[in-house]
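What follows is a short report on a single structure.
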Amino acid sequence: MESGGFTDFLQFIFMGLQRGCIYALVAMGFNIIYSATGVINFAQGEFVVLGGLMMVTLTTGFGLSIVFAFLISTLFVTIIGILMERCTINPVKKPTVLRLIIITIAVSILLKGVAMIIWGKGSHYMRHFSGSDPFVIAGATILPQTLWIIGILGVIVVAFVVFFNLTMTGKSMRACAINRDAACLAGINDRNMVMLSFALSAGIGAVAGIIVTPIIQMDYARGALLGLKGFGVAVVGGLGNSLGAVIAGILVGVLEALSGGYISSHYMDAIALLILLLVLFVRPSGLFGSSEASRLKEF
Amino acid sequence: MMINLRRQKEVRAVKRVLWCGFVLMFVFFFSTATLYADSKAYHVGCIFAITGKASWLGEPQKNTVEMLAQKINESGGIDGKKLVLHIEDTQGDNTRAVNAVKKLIKKFNVCAILGPSRSGTSMAAIPVAQAANIPLISCASAEIMLQPIEERGWIFKLAQNDSDAVRKIYDHLVKRGLKKVGVITGTTGFGAAGRDFLIKMAPEYGMEIVADETYAPGDTDMTAQLVKIRNSGAQVIVNWSIVPAQSIIPQNMKQLKMEIPLYQSHGFANIKYAQAAGEAAEGLIFPAARIMAVDTLPKRHPQYALMAEYKSEYESTYKDNVSTFGGHAYDGIHLLSGALEKVGDDPAEIRNYIENARFVGTGGIFCFSPKDHCGLDKTAFELLTVKNGKFVVLEP
């Protein structure tokens, strides 16, 4: 196998893209709920875990086809997201930001416990969607699963742009995010929009879990680890800005891969985090966040 | 009216006092009951990480000791006395481990303690057991637990030494004439300890570490690290980790079409890791306790009969794969029941017995001495390989 300057560089970029897309998907989940409620949902990582575990059960346990299992797992976690909102967020009488955040932490512990009881403590794995024979591009190799990840992220981004800009519901959600009182006065049911935001972000979390499980395996305790990087990416991209999350995610992923490849893998995370810190020093509201909007938020 | 109210208050106060007294008596009765009820039984403490992040270690250990205790008691106990296990959960947490040891010693008067499961919790529990002069037999692997041996007179361990796994790998590399090693390790405690040993012991075996890379437990792709190793001219890769992420390395190597041999640590000894790596795992080599490949072990091997029995009993009772970690607990109960049978339940006698104990266990052939409180060396490991998705003993 030849290796040279450009081939190596391309290999690092592929690696960075794969990592970045996963970060971006998790970060988008954080953002949707944040825009609708101003709350960071700490159970986001658990959505990812549930999606992955459900997918494993349906494909290897029940032998369903990947497409079918994909849809059912996503639907399953979406329903859990809706239930979470209806049972724990919606009934709160005075929904202050701090109170809601603590509720999400409680739900994350609960979901983790339930996942442990249902799926046990070991890690679960499944096959790659379409084999693990790599494609060779200019000497560098890329796994089909990585292409799936990039492709699915692309589809989701397009679907989001369409949903938020061209549909009435999407526009209503944006209106709620910008100014909830004004949106209420215009006849939008803000509580329903909050529910929808939980449904959407649970769905996206599930998709993230489903596509990474063939690569990293999944166990009940993975949520915190997956959620943490995604949260960092969401902050750098500007909380509430989904496009920012995608760009920041890929940026962080590629930076990590390049620093791992050219400097040292011991400092891979450190270098990426250092750059994130610098970004936040220069632009405290994130790369694409608006500082005016963030001043209006409680958190 | 006033009088009536006052009387009601008095009655309430008397009731409260009565209640308190009742509760106190209740508590007293039960605590003394636990202290004196089973004085004709042997009390042994067990502390494992049954829940929490290290539960994959503690759960098989708890299952194993419960299974063994039941078996011993059903066949009449030890010298006619029942073996009573007091099992505590550390949740993998140091504070809980210390509290559990104190509780076992003070409240249950145990004569010896088996566990904890993790090296960290063991380090926390060791000073307590040492000060109380109660033998503590850890199921964790860190060699630092037994050093310095003068201050660890009451501490023993059953898990194989990490450094012996390194010796086993380097021995094999020397035999194959491979010298340039690319090391890649996980950034967990297990990975870091392995990395230290791999680097420190390389000169002894004439090895040259040409690359030294790491990855985090949550990483999804290690091609950057592997490209660096490839460019360093390494003849062999040693991947040392205990988390599922280690299964990505063989897959990434296959993706990069790297042909050099891959060695894993004994942290790979979980069949799920091999299944997750699929075809890419075929042919990789790792040192592990023989329990992981009982079926392919020659039947004349001294450990065979014992391990085959444990494996079939455990797997039929719990519908789960047998593991090295449960094996440590198995060895612990065997060691302790042997001690109880020979010398009774005096902690000092038990300590002296273990210091001179020799027995065949699942972890290897133990040979304790006052200087060596582990009793195992590199022969406790067998080099295994992956063949058709199963662990098999590597043909020499």
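Ordering of the structure tokens sets the chain letters (A, B, ...); residue numbers start at 1 within each chain; ligands are numbered from 1 in the order shown.
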
When the cut-off is 9 Å and we count only C-alpha atoms, which residues of chain B are near chain A, given as JSON, numbers by chain? {"B": [51, 52, 53, 55, 56, 187, 212, 213, 214, 215, 216, 217, 218, 219, 220, 221, 222, 223, 224, 225, 226, 227, 228, 230, 231, 244, 245, 247, 248, 251, 252, 254, 255, 256, 257, 258, 272, 273, 275, 276, 278]}

Name the residues in contact with Val67 of chain A at a cut-off of 12 Å, using only C-alpha atoms, excluding same-chain residues fewer than 6 positions from it; report them as a list in words. Met55, Leu58, Thr59, Ser73, Thr74, Phe129, Ser130, Val207, Ile210 and Ile211 of chain A

Output for the residues just chosen: N, CA and C atoms as an mmCIF file, in the first residue's frame:
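What follows is the written file part.cif:
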```
data_model
loop_
_atom_site.group_PDB
_atom_site.id
_atom_site.type_symbol
_atom_site.label_atom_id
_atom_site.label_comp_id
_atom_site.auth_asym_id
_atom_site.auth_seq_id
_atom_site.Cartn_x
_atom_site.Cartn_y
_atom_site.Cartn_z
ATOM 1 N N MET A 55 -31.685 -0.774 17.451
ATOM 2 C CA MET A 55 -31.291 -1.223 16.116
ATOM 3 C C MET A 55 -30.630 -2.602 16.205
ATOM 4 N N LEU A 58 -33.292 -5.242 16.858
ATOM 5 C CA LEU A 58 -34.170 -5.517 15.722
ATOM 6 C C LEU A 58 -33.449 -6.247 14.602
ATOM 7 N N THR A 59 -32.187 -5.875 14.355
ATOM 8 C CA THR A 59 -31.499 -6.519 13.231
ATOM 9 C C THR A 59 -30.950 -7.883 13.626
ATOM 10 N N SER A 73 -36.624 1.748 14.874
ATOM 11 C CA SER A 73 -35.813 2.258 15.987
ATOM 12 C C SER A 73 -35.992 3.758 16.129
ATOM 13 N N THR A 74 -35.973 4.459 14.998
ATOM 14 C CA THR A 74 -36.118 5.912 15.061
ATOM 15 C C THR A 74 -37.482 6.272 15.642
ATOM 16 N N PHE A 129 -23.546 -1.581 7.593
ATOM 17 C CA PHE A 129 -24.735 -1.644 6.745
ATOM 18 C C PHE A 129 -24.458 -2.351 5.421
ATOM 19 N N SER A 130 -23.350 -2.003 4.797
ATOM 20 C CA SER A 130 -23.100 -2.633 3.498
ATOM 21 C C SER A 130 -21.658 -3.090 3.398
ATOM 22 N N VAL A 207 -31.047 8.317 15.143
ATOM 23 C CA VAL A 207 -30.348 8.102 13.872
ATOM 24 C C VAL A 207 -28.844 8.086 14.112
ATOM 25 N N ILE A 210 -27.942 4.823 15.596
ATOM 26 C CA ILE A 210 -28.065 3.709 14.657
ATOM 27 C C ILE A 210 -26.860 3.650 13.726
ATOM 28 N N ILE A 211 -26.402 4.809 13.250
ATOM 29 C CA ILE A 211 -25.317 4.734 12.269
ATOM 30 C C ILE A 211 -23.935 4.572 12.893
#
```

Step one, run DSSP on the backbone; step two, keep only residues of segment 115-199 of chain B assigned to strand (DSSP E); then write them as a PyMOL selection string. chain B and resi 136-138+155-157+180-186

Which residue, B:Phe359, B:Val101, B:Met145, B:Leu284, has the smallest gap to Asn388 of chain B when you use only C-alpha atoms? B:Leu284

Any idea what's packed within 10 Å of Arg167 of chain B, counting only C-alpha atoms, ignoring anything in its chain fewer than 5 positions away? Could you give it as a ChimeraX atom specification? /B:161-162,172-173,197-198,201-202,204-205,287,377-379,381

May I have the residues within 9 Å of Leu104 of chain B as a ChimeraX atom specification, using only C-alpha atoms and disregarding those fewer than 2 positions away in the same chain? /B:44-46,86-88,99-102,106-110,113

Please report the interatomic distance between atom CA of Glu66 of chain B and atom CA of Asp331 of chain B in Å with one decimal.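 Computed distance, atom CA of Glu66 of chain B to atom CA of Asp331 of chain B, equals 13.3 Å.
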
For a quick check of understanding, using only C-alpha atoms, which of B:Leu158, B:Val174, B:Leu306, B:Leu394 has the smallest distance to Gly375 of chain B? B:Leu158

Applying 7 Å and only C-alpha atoms, which residues near Thr78 of chain A remain after dropping the ones on its own chain fewer than 2 positions away? List them as a PyMOL selection string. chain A and resi 74-76+80-82+199-200+202-203

Those in segment 97-127 of chain A with helix (DSSP H, G or I) from DSSP, as number ranges by chain: A: 97-119

Closest of B:Arg351, B:Arg176, B:Arg7, B:Lys371 to Leu136 of chain B - atom-to-atom distances counting only C-alpha atoms: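 With only C-alpha atoms as the atom set, the closest residue is B:Arg351.
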
Can you tell me how far atom CA of Leu239 of chain A sits from atom CA of Ile103 of chain A, in Å to one decimal?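 These two atoms are separated by 19.8 Å.
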
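What separates atom CA of Ile78 of chain B from atom CA of Glu341 of chain B is a distance of 5.9 Å.
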
Given the choices A:Thr57, A:Asn41, A:Ser201, A:Thr96, which gets closest to Phe160 of chain A if the distance is worked out from only C-alpha atoms? A:Ser201

Of the candidates A:Ile33, A:Ala115, A:Val97, A:Val236, which one gets nearest to Val282 of chain A if we count only C-alpha atoms?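 So, comparing all the options, the nearest one is A:Val236.
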
Using only C-alpha atoms: which of A:Leu274, A:Leu287, A:Leu17, A:Gly63 has the shortest distance to Leu147 of chain A: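 Closest to Leu147 of chain A of all the choices is A:Leu17.
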
Test item: residues at most 6 Å from Ile50 of chain B, only C-alpha atoms, excluding those fewer than 4 positions along its chain, as a VMD selection string: chain B and resid 55 58 to 59 89

Quick one: write out the picked residues with N, CA and C atoms as a compact mmCIF listing (two decimals), in the first residue's frame?
```txt
# COMPACT_ATOMS: atom_id res chain seq x y z
N SER B 55 -19.41 -2.98 36.22
CA SER B 55 -20.25 -4.12 36.59
C SER B 55 -19.95 -5.35 35.76
N GLY B 58 -17.74 -7.12 38.12
CA GLY B 58 -18.30 -7.55 39.40
C GLY B 58 -19.45 -8.53 39.27
N GLU B 59 -20.22 -8.41 38.22
CA GLU B 59 -21.40 -9.26 38.12
C GLU B 59 -21.05 -10.75 38.00
N ASP B 89 -21.77 -4.33 47.44
CA ASP B 89 -21.57 -3.74 46.11
C ASP B 89 -20.78 -2.45 46.25
```
